[in-house]
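With compact mmCIF, C-alpha atoms inside, this is final07.txt:
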# COMPACT_ATOMS: atom_id res chain seq x y z
CA MET A 1 0.68 -22.00 -0.98
CA TRP A 2 2.07 -19.07 0.98
CA ASN A 3 5.49 -19.55 2.58
CA SER A 4 5.86 -23.08 1.30
CA PHE A 5 9.12 -22.75 -0.60
CA LEU A 6 12.19 -24.61 0.53
CA THR A 7 15.04 -22.55 1.89
CA ASP A 8 17.62 -24.29 -0.28
CA GLU A 9 15.74 -23.52 -3.50
CA ARG A 10 17.38 -20.98 -5.78
CA ARG A 11 14.18 -19.68 -7.28
CA GLY A 12 14.10 -16.22 -8.78
CA LEU A 13 11.89 -14.22 -11.06
CA VAL A 14 12.15 -11.79 -13.92
CA ALA A 15 9.93 -8.72 -14.15
CA GLU A 16 9.86 -5.89 -16.64
CA VAL A 17 7.69 -3.54 -18.66
CA THR A 18 7.36 -4.51 -22.28
CA SER A 19 5.20 -3.55 -25.26
CA ILE A 20 2.81 -5.93 -26.92
CA PRO A 21 0.86 -5.60 -30.17
CA ALA A 22 -2.77 -4.70 -29.58
CA GLY A 23 -4.94 -3.91 -32.55
CA ASP A 24 -3.38 -1.23 -34.72
CA ASP A 25 -0.80 -0.14 -32.18
CA SER A 26 1.03 -1.45 -29.16
CA ILE A 27 0.52 -0.99 -25.45
CA HIS A 28 2.62 -1.40 -22.37
CA ALA A 29 2.39 -4.51 -20.25
CA TYR A 30 4.04 -5.55 -17.04
CA VAL A 31 5.43 -9.05 -17.31
CA ALA A 32 6.62 -11.18 -14.42
CA ARG A 33 7.71 -14.78 -14.71
CA PRO A 34 9.74 -17.32 -12.81
CA ASP A 35 13.38 -17.50 -13.69
CA GLY A 36 14.12 -20.46 -15.93
CA ALA A 37 13.08 -21.99 -19.21
CA GLY A 38 9.54 -23.04 -18.33
CA PRO A 39 7.08 -24.08 -19.49
CA PHE A 40 4.92 -22.08 -17.11
CA PRO A 41 1.18 -21.82 -16.58
CA ALA A 42 0.16 -18.30 -17.49
CA VAL A 43 -2.18 -15.57 -16.29
CA VAL A 44 -3.50 -12.38 -17.86
CA LEU A 45 -3.76 -10.04 -14.89
CA VAL A 46 -6.33 -7.27 -15.40
CA HIS A 47 -5.72 -4.21 -13.28
CA HIS A 48 -8.38 -2.43 -11.28
CA MET A 49 -10.01 0.93 -11.81
CA PRO A 50 -7.42 2.84 -9.74
CA GLY A 51 -5.03 2.04 -12.49
CA TRP A 52 -2.02 0.09 -13.68
CA ASP A 53 -0.44 0.71 -10.36
CA GLU A 54 2.09 -0.56 -7.88
CA ILE A 55 -0.18 -3.04 -6.13
CA TYR A 56 -0.77 -4.72 -9.48
CA ARG A 57 2.94 -5.02 -10.13
CA GLU A 58 3.25 -6.63 -6.73
CA ILE A 59 0.35 -9.00 -7.43
CA GLY A 60 2.03 -9.92 -10.71
CA ARG A 61 5.30 -10.67 -8.98
CA ARG A 62 3.48 -12.66 -6.30
CA LEU A 63 1.90 -14.88 -8.93
CA ALA A 64 5.23 -15.23 -10.72
CA ASP A 65 6.88 -16.19 -7.47
CA HIS A 66 4.36 -19.01 -7.26
CA GLY A 67 5.21 -20.29 -10.71
CA TYR A 68 3.07 -18.32 -13.15
CA LEU A 69 4.04 -16.35 -16.22
CA VAL A 70 2.02 -13.18 -15.76
CA ILE A 71 1.19 -10.36 -18.12
CA SER A 72 -0.67 -7.30 -16.89
CA PRO A 73 -1.53 -5.02 -19.82
CA ASP A 74 -1.96 -1.31 -19.21
CA LEU A 75 -5.61 -0.83 -20.12
CA TYR A 76 -5.11 2.93 -19.81
CA CYS A 77 -2.05 3.09 -22.07
CA ARG A 78 -3.89 4.91 -24.84
CA TYR A 79 -5.17 7.60 -22.49
CA GLY A 80 -1.89 9.24 -21.63
CA HIS A 81 0.93 8.67 -19.20
CA GLY A 82 1.81 9.96 -15.77
CA THR A 83 1.46 8.66 -12.26
CA PRO A 84 -1.12 5.86 -12.01
CA ASP A 85 -3.64 7.94 -10.08
CA ASP A 86 -3.44 10.84 -12.55
CA VAL A 87 -3.96 8.52 -15.50
CA ALA A 88 -6.81 6.73 -13.71
CA ALA A 89 -8.46 10.09 -13.03
CA ALA A 90 -8.26 10.97 -16.71
CA VAL A 91 -9.82 7.65 -17.69
CA ARG A 92 -12.52 7.97 -15.03
CA ALA A 93 -13.45 11.39 -16.40
CA ARG A 94 -14.01 9.76 -19.77
CA GLY A 95 -16.32 7.15 -18.31
CA GLY A 96 -13.78 4.34 -18.32
CA VAL A 97 -12.30 2.22 -21.08
CA PRO A 98 -14.96 0.76 -23.40
CA ASP A 99 -15.59 -2.94 -22.87
CA ASP A 100 -14.77 -3.78 -26.49
CA GLU A 101 -11.34 -2.20 -26.09
CA VAL A 102 -10.68 -4.06 -22.83
CA VAL A 103 -11.65 -7.40 -24.36
CA ALA A 104 -9.39 -6.76 -27.35
CA ILE A 105 -6.47 -5.92 -25.06
CA CYS A 106 -7.02 -9.04 -22.94
CA ALA A 107 -7.10 -11.12 -26.12
CA ALA A 108 -3.89 -9.46 -27.28
CA ALA A 109 -2.23 -10.27 -23.96
CA ARG A 110 -3.38 -13.87 -24.27
CA ASP A 111 -1.99 -14.02 -27.81
CA TRP A 112 1.33 -12.63 -26.62
CA LEU A 113 1.50 -15.37 -24.01
CA ARG A 114 1.18 -17.96 -26.75
CA SER A 115 4.56 -16.85 -28.04
CA GLN A 116 6.08 -17.45 -24.62
CA PRO A 117 7.18 -20.67 -22.86
CA THR A 118 3.81 -21.50 -21.34
CA ASN A 119 2.39 -24.92 -20.65
CA GLY A 120 -0.54 -24.04 -22.91
CA ARG A 121 -2.83 -23.06 -20.04
CA VAL A 122 -3.80 -19.41 -19.70
CA GLY A 123 -6.02 -17.96 -17.01
CA ILE A 124 -7.37 -14.47 -16.48
CA MET A 125 -7.65 -12.72 -13.15
CA GLY A 126 -8.56 -9.28 -11.90
CA SER A 127 -10.03 -7.33 -9.03
CA CYS A 128 -12.59 -4.56 -8.83
CA SER A 129 -13.28 -3.46 -12.42
CA GLY A 130 -10.60 -5.98 -13.40
CA GLY A 131 -12.71 -8.77 -11.92
CA ARG A 132 -15.60 -7.71 -14.08
CA HIS A 133 -13.28 -7.44 -17.07
CA ALA A 134 -11.89 -10.93 -16.41
CA VAL A 135 -15.37 -12.43 -16.48
CA LEU A 136 -16.30 -10.35 -19.51
CA ALA A 137 -13.19 -11.24 -21.51
CA ALA A 138 -13.54 -14.93 -20.67
CA CYS A 139 -17.16 -14.97 -21.82
CA ARG A 140 -16.50 -12.89 -24.94
CA THR A 141 -13.39 -14.70 -26.14
CA GLY A 142 -13.95 -18.24 -24.88
CA SER A 143 -10.20 -18.68 -24.84
CA PHE A 144 -9.16 -18.82 -21.19
CA ASP A 145 -8.70 -21.91 -19.08
CA ALA A 146 -9.55 -20.39 -15.69
CA VAL A 147 -11.09 -17.15 -14.45
CA VAL A 148 -10.58 -15.40 -11.12
CA ASP A 149 -13.00 -12.63 -10.21
CA LEU A 150 -11.97 -10.73 -7.09
CA TRP A 151 -14.99 -8.64 -6.00
CA GLY A 152 -15.76 -7.46 -9.50
CA GLY A 153 -18.46 -4.82 -9.38
CA GLY A 154 -20.90 -4.51 -12.25
CA VAL A 155 -20.89 -8.16 -13.29
CA VAL A 156 -24.55 -7.92 -12.36
CA ALA A 157 -26.15 -4.69 -13.53
CA ALA A 158 -29.59 -3.47 -14.48
CA PRO A 159 -30.19 -2.50 -18.12
CA GLU A 160 -30.68 1.12 -17.05
CA ASP A 161 -27.15 1.14 -15.65
CA ALA A 162 -25.64 0.43 -19.05
CA THR A 163 -23.30 3.06 -20.44
CA PRO A 164 -21.74 3.47 -23.88
CA GLN A 165 -18.54 2.08 -22.40
CA ARG A 166 -20.27 -0.81 -20.61
CA PRO A 167 -23.31 -1.69 -22.71
CA VAL A 168 -23.79 -5.28 -21.49
CA ALA A 169 -23.54 -6.73 -17.99
CA PRO A 170 -21.26 -9.79 -18.03
CA ILE A 171 -23.91 -11.88 -16.27
CA GLU A 172 -25.88 -11.72 -19.50
CA LEU A 173 -23.05 -13.65 -21.18
CA THR A 174 -22.95 -16.48 -18.65
CA ALA A 175 -23.99 -19.08 -21.22
CA ASP A 176 -20.78 -18.35 -23.14
CA LEU A 177 -18.44 -18.95 -20.19
CA ASN A 178 -16.35 -22.02 -20.95
CA ALA A 179 -13.80 -21.92 -18.14
CA PRO A 180 -14.02 -22.60 -14.42
CA LEU A 181 -14.61 -19.45 -12.37
CA LEU A 182 -13.39 -18.58 -8.90
CA GLY A 183 -15.15 -15.69 -7.16
CA ILE A 184 -13.89 -14.03 -3.98
CA PHE A 185 -16.20 -11.51 -2.31
CA GLY A 186 -16.69 -9.49 0.86
CA ASP A 187 -20.12 -9.52 2.43
CA LEU A 188 -19.74 -5.85 3.36
CA ASP A 189 -19.12 -4.77 -0.22
CA SER A 190 -21.63 -2.46 -1.85
CA SER A 191 -20.60 -3.40 -5.38
CA PRO A 192 -21.01 -6.28 -5.75
CA THR A 193 -23.59 -6.59 -3.03
CA PRO A 194 -24.21 -10.03 -1.53
CA ALA A 195 -27.51 -10.07 -3.41
CA GLU A 196 -25.68 -9.46 -6.69
CA VAL A 197 -23.24 -12.24 -5.89
CA ASP A 198 -26.25 -14.47 -5.20
CA ARG A 199 -27.68 -13.61 -8.60
CA HIS A 200 -24.44 -14.36 -10.40
CA GLU A 201 -24.06 -17.62 -8.50
CA ALA A 202 -27.62 -18.66 -9.40
CA GLU A 203 -27.04 -17.81 -13.06
CA LEU A 204 -23.85 -19.86 -13.16
CA ALA A 205 -25.66 -22.79 -11.55
CA ARG A 206 -28.58 -22.46 -13.94
CA HIS A 207 -26.19 -22.82 -16.87
CA GLY A 208 -24.33 -25.71 -15.27
CA LYS A 209 -21.02 -23.85 -15.11
CA THR A 210 -18.02 -24.91 -13.05
CA PHE A 211 -17.45 -22.33 -10.35
CA GLU A 212 -16.68 -21.75 -6.71
CA PHE A 213 -17.59 -18.63 -4.79
CA HIS A 214 -16.14 -17.72 -1.40
CA ARG A 215 -17.50 -14.96 0.77
CA TYR A 216 -15.94 -13.26 3.77
CA PRO A 217 -18.25 -11.79 6.45
CA ASP A 218 -15.72 -9.31 7.82
CA ALA A 219 -14.63 -7.93 4.47
CA GLY A 220 -15.74 -5.25 2.08
CA HIS A 221 -14.31 -4.21 -1.24
CA GLY A 222 -10.62 -4.69 -1.94
CA PHE A 223 -9.74 -6.59 1.19
CA PHE A 224 -6.50 -7.98 -0.28
CA TYR A 225 -5.05 -4.46 -0.53
CA TYR A 226 -2.66 -4.19 2.38
CA HIS A 227 -2.03 -0.51 1.60
CA ARG A 228 -5.68 0.39 2.23
CA THR A 229 -7.86 0.39 5.34
CA ALA A 230 -10.04 -2.22 3.63
CA TYR A 231 -7.33 -4.81 4.26
CA ARG A 232 -8.52 -7.81 6.26
CA PRO A 233 -5.42 -9.94 6.81
CA GLU A 234 -7.01 -13.25 7.79
CA SER A 235 -9.59 -13.15 5.02
CA ALA A 236 -7.01 -11.95 2.52
CA MET A 237 -4.63 -14.79 3.30
CA ASP A 238 -7.45 -17.32 3.10
CA GLY A 239 -8.56 -15.76 -0.18
CA TRP A 240 -5.04 -15.91 -1.59
CA ALA A 241 -4.88 -19.59 -0.64
CA LYS A 242 -8.11 -20.14 -2.56
CA VAL A 243 -6.66 -18.32 -5.56
CA PHE A 244 -3.46 -20.35 -5.59
CA ALA A 245 -5.32 -23.64 -5.12
CA PHE A 246 -7.69 -22.79 -7.95
CA LEU A 247 -4.94 -21.74 -10.33
CA HIS A 248 -2.91 -24.80 -9.47
CA THR A 249 -5.85 -27.09 -10.20
CA HIS A 250 -6.83 -25.53 -13.49
CA LEU A 251 -3.58 -24.14 -14.87
CA ALA A 252 -0.58 -25.72 -13.26
CA SER A 253 -1.71 -29.31 -13.01
CA PRO A 254 -4.96 -29.77 -14.93
CA GLY A 255 -6.18 -33.34 -14.90
CA SER A 256 -3.88 -34.40 -12.10
CA MET B 1 -16.72 -0.78 -5.56
CA CYS B 2 -16.18 1.14 -8.74
CA THR B 3 -19.02 3.61 -8.83
CA THR B 4 -18.06 5.28 -12.14
CA ILE B 5 -19.87 8.36 -10.77
CA SER B 6 -18.21 11.27 -12.53
CA THR B 7 -19.27 14.59 -13.99
CA THR B 8 -17.07 16.93 -15.98
CA VAL B 9 -17.67 20.67 -16.05
CA PRO B 10 -15.83 22.92 -18.52
CA VAL B 11 -14.24 25.77 -16.56
CA THR B 12 -11.87 28.63 -17.08
CA GLY B 13 -9.38 29.13 -14.30
CA ALA B 14 -6.03 28.17 -12.92
CA ALA B 15 -4.72 25.69 -10.40
CA LYS B 16 -1.41 25.33 -8.63
CA GLY B 17 0.20 21.92 -8.70
CA GLY B 18 3.66 20.62 -8.00
CA ALA B 19 5.05 22.40 -11.04
CA GLY B 20 3.36 25.71 -10.27
CA TRP B 21 0.31 27.34 -11.76
CA PHE B 22 -1.31 26.03 -14.90
CA PRO B 23 -4.52 26.84 -16.79
CA VAL B 24 -7.52 24.73 -15.85
CA THR B 25 -10.06 23.90 -18.52
CA ALA B 26 -12.22 21.34 -16.74
CA ALA B 27 -13.35 20.34 -13.29
CA VAL B 28 -14.19 16.69 -12.72
CA VAL B 29 -16.45 15.87 -9.81
CA GLY B 30 -16.81 12.24 -8.83
CA PHE B 31 -17.42 9.77 -6.07
CA ASP B 32 -15.28 6.69 -6.35
CA HIS B 33 -12.22 4.91 -4.98
CA ALA B 34 -10.03 7.11 -2.85
CA THR B 35 -6.31 7.15 -3.49
CA GLY B 36 -4.83 9.60 -1.05
CA SER B 37 -7.31 9.49 1.82
CA ALA B 38 -7.95 6.56 4.09
CA ALA B 39 -11.61 6.13 3.19
CA GLU B 40 -12.63 3.50 0.69
CA HIS B 41 -14.48 6.10 -1.34
CA ALA B 42 -14.33 9.86 -1.51
CA VAL B 43 -15.79 12.85 -3.22
CA LEU B 44 -13.19 13.49 -5.89
CA LEU B 45 -12.47 16.97 -7.20
CA ASP B 46 -10.02 17.16 -10.05
CA PHE B 47 -9.05 20.45 -11.66
CA VAL B 48 -7.41 19.56 -14.93
CA ASP B 49 -6.17 20.58 -18.32
CA PRO B 50 -6.61 17.43 -20.43
CA ASP B 51 -4.73 18.95 -23.33
CA HIS B 52 -1.57 18.87 -21.23
CA GLY B 53 -1.83 15.25 -20.15
CA PRO B 54 -2.97 13.38 -17.05
CA GLY B 55 -0.38 15.13 -14.88
CA ALA B 56 -1.97 18.55 -15.37
CA ARG B 57 -4.21 17.91 -12.43
CA VAL B 58 -4.86 19.18 -8.95
CA ALA B 59 -6.74 16.53 -7.02
CA VAL B 60 -8.73 16.78 -3.80
CA GLU B 61 -10.46 13.95 -1.96
CA LEU B 62 -13.16 14.73 0.62
CA ASP B 63 -15.58 12.74 2.70
CA LEU B 64 -19.27 13.35 2.12
CA ALA B 65 -19.65 15.75 5.06
CA ALA B 66 -16.71 17.81 3.86
CA GLY B 67 -18.13 17.80 0.35
CA ARG B 68 -21.43 19.15 1.60
CA ALA B 69 -19.70 21.74 3.78
CA LEU B 70 -17.68 22.86 0.79
CA LEU B 71 -20.84 23.13 -1.26
CA VAL B 72 -22.45 25.36 1.39
CA ALA B 73 -19.35 27.51 1.54
CA LEU B 74 -19.21 27.79 -2.23
CA GLU B 75 -22.85 28.83 -2.41
CA ALA B 76 -22.35 31.44 0.31
CA VAL B 77 -19.29 32.87 -1.37
CA LEU B 78 -20.99 32.90 -4.76
CA ALA B 79 -24.01 34.68 -3.30
CA ALA B 80 -21.75 37.30 -1.76
CA ALA B 81 -19.83 37.60 -5.01
CA ASP B 82 -23.08 38.12 -6.87
CA GLN B 83 -23.94 40.95 -4.51
CA VAL B 84 -20.53 42.54 -5.06
CA SER B 85 -20.87 42.14 -8.79
CA ALA B 86 -24.33 43.71 -8.67
CA GLY B 87 -22.83 46.76 -7.01
CA SER B 88 -24.29 46.42 -3.52
CA GLY B 89 -20.78 46.06 -2.15
CA GLY B 90 -19.62 45.19 1.28
CA ALA B 91 -21.42 41.87 1.74
CA ARG B 92 -19.12 39.12 2.85
CA ALA B 93 -19.71 35.40 3.19
CA VAL B 94 -17.80 35.04 6.40

Structure rendered as structure tokens:
Amino acid sequence: MWNSFLTDERRGLVAEVTSIPAGDDSIHAYVARPDGAGPFPAVVLVHHMPGWDEIYREIGRRLADHGYLVISPDLYCRYGHGTPDDVAAAVRARGGVPDDEVVAICAAARDWLRSQPTNGRVGIMGSCSGGRHAVLAACRTGSFDAVVDLWGGGVVAAPEDATPQRPVAPIELTADLNAPLLGIFGDLDSSPTPAEVDRHEAELARHGKTFEFHRYPDAGHGFFYYHRTAYRPESAMDGWAKVFAFLHTHLASPGS
Amino acid sequence: MCTTISTTVPVTGAAKGGAGWFPVTAAVVGFDHATGSAAEHAVLLDFVDPDHGPGARVAVELDLAAGRALLVALEAVLAAADQVSAGSGGARAV
């Protein structure tokens, strides 16, 4: 919970860029974790389409400050280096990173976490395209213990919207989801639209999945981003509280 | 939302970025998340040389009205340029 630490606690955190094995090569990843020996609940943090950027490093540190060992792999690492927006532009021009590559990187990040002092519980979380990727990777790998989808666009998509990079809409894989899912959405978003969120919610219910969706009437896309005009402080703080409660339930203290 | 709307056009030209002029081999036209402008989404114009890495890029973000106005201006200038190239001379777009 926000602002709930005790002023006499000497909590700190460690954050750095590292390299992790991924397939035949290695990629960069931003790692943030609480100071100390652990064990810690862990999260694979999947960055959004605008890139492996500063807001994602801050989100990683925020999660670490709340007790999580976080790894955020650079999905764009193989597409060149530069400022985050330049690299994101290069990736966008290529139609994005193929889904298979994203899933493999998320699995590699999860595997790296297994060599770390975790409590054995690993979640996956992302926003925007990262929300879609979180759902996709959870369904494809079946190896995450909790999933957080922050306004992921394209989870629901028509077959004619498929691209070589994104051949299957994650909603089609709902039957394979084996972890609880938290969804946070803005009613003013145009991707996902409220109707698309409805469809995903209905599909999850039809398959008997464990999930909770929360929708914010005043919010559009990316309303946690305090550096953008989309920021909606009250909804963002409520959404963050939902995220922390969900992660605590399913990663930090499962079964309690 | 991530629109993934993007079209790449091979071009021959030059652009001036922070490090000075560099050859441009492609123009990327998109409509997606804005980075530098306040709007959630923008018409994105990137003039790039992919062979020299992601940093070989001059980026412009426009709202839709500005994008359309630019298109009109481009068409007018190109029409005038065609007239000049055809030898009629003297015609100007503005």

Exercise. Which neighbours of segment 32-37 of chain A fall inside 12 Å, counting only C-alpha atoms, when residues of the same chain fewer than 2 positions from it are skipped, and could you give them as a ChimeraX atom specification?
Worked result: /A:10-18,29-30,39-45,56-73,113,116-119

Exercise. What residues in chain B have any atom no more than 8 Å from chain A when counting all atoms listed in the file, and can you write them as a VMD selection string?
Worked result: chain B and resid 1 to 4 6 to 8 28 33 35 38 to 40 46 50 53 to 55 57

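Pairwise distance (atom CA of Gly208 of chain A, atom CA of Ile171 of chain A) equals 13.9 Å.
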
For this session: Quick one: residues within 8 Å of (-10.4, -14.2, -2.4) (file frame), counting all atoms listed in the file, please, as a list in words.
Result: Leu150, Gly183, Ile184, Phe185, His214, Arg215, Phe224, Ser235, Ala236, Asp238, Gly239, Trp240, Ala241, Lys242 and Val243 of chain A

For this session: Considering only C-alpha atoms, return as a PyMOL selection string whatever protein or nucleic-acid residues lie within 12 Å of segment 21-23 of chain A, sequence-local ones (same chain, fewer than 5 positions apart) excluded.
Result: chain A and resi 28-29+73-75+77-78+100-113

For this session: Tell me, as a list in words, which residues lie within 8 Å of segment 18-25 of chain B, counting all atoms listed in the file; anything in the same chain fewer than 4 positions away does not count.
Result: Pro10, Val11, Thr12, Gly13, Ala14, Phe47, Val48, Asp49, Pro50 and Ala56 of chain B

Seminar exercise, completed: Here atom CA of Arg121 of chain A and atom CA of Ala146 of chain A stand apart by 8.4 Å

Problem set entry | Shortest interatomic distance to Asp63 of chain B - which of B:Ala26, B:Val43, B:Ala76, B:Ala81, counting only C-alpha atoms | B:Val43

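The interatomic distance for the pair atom CA of Ser37 of chain B and atom CA of Leu64 of chain B works out to 12.6 Å.
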
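With all atoms listed in the file as the atoms that count, the minimum distance from Ala245 of chain A to the choices A:Ala158, A:Asp198, A:Glu212, A:Leu204 is reached by A:Glu212.
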
Centre and edge lengths of an axis-aligned box around all listed atoms of segment 203-222 of chain A, with 6 Å added on each side, are to be given in Å to one decimal, as AutoDock Vina command-line options.
--center_x -19.6 --center_y -15.0 --center_z -4.5 --size_x 30.0 --size_y 33.5 --size_z 36.7
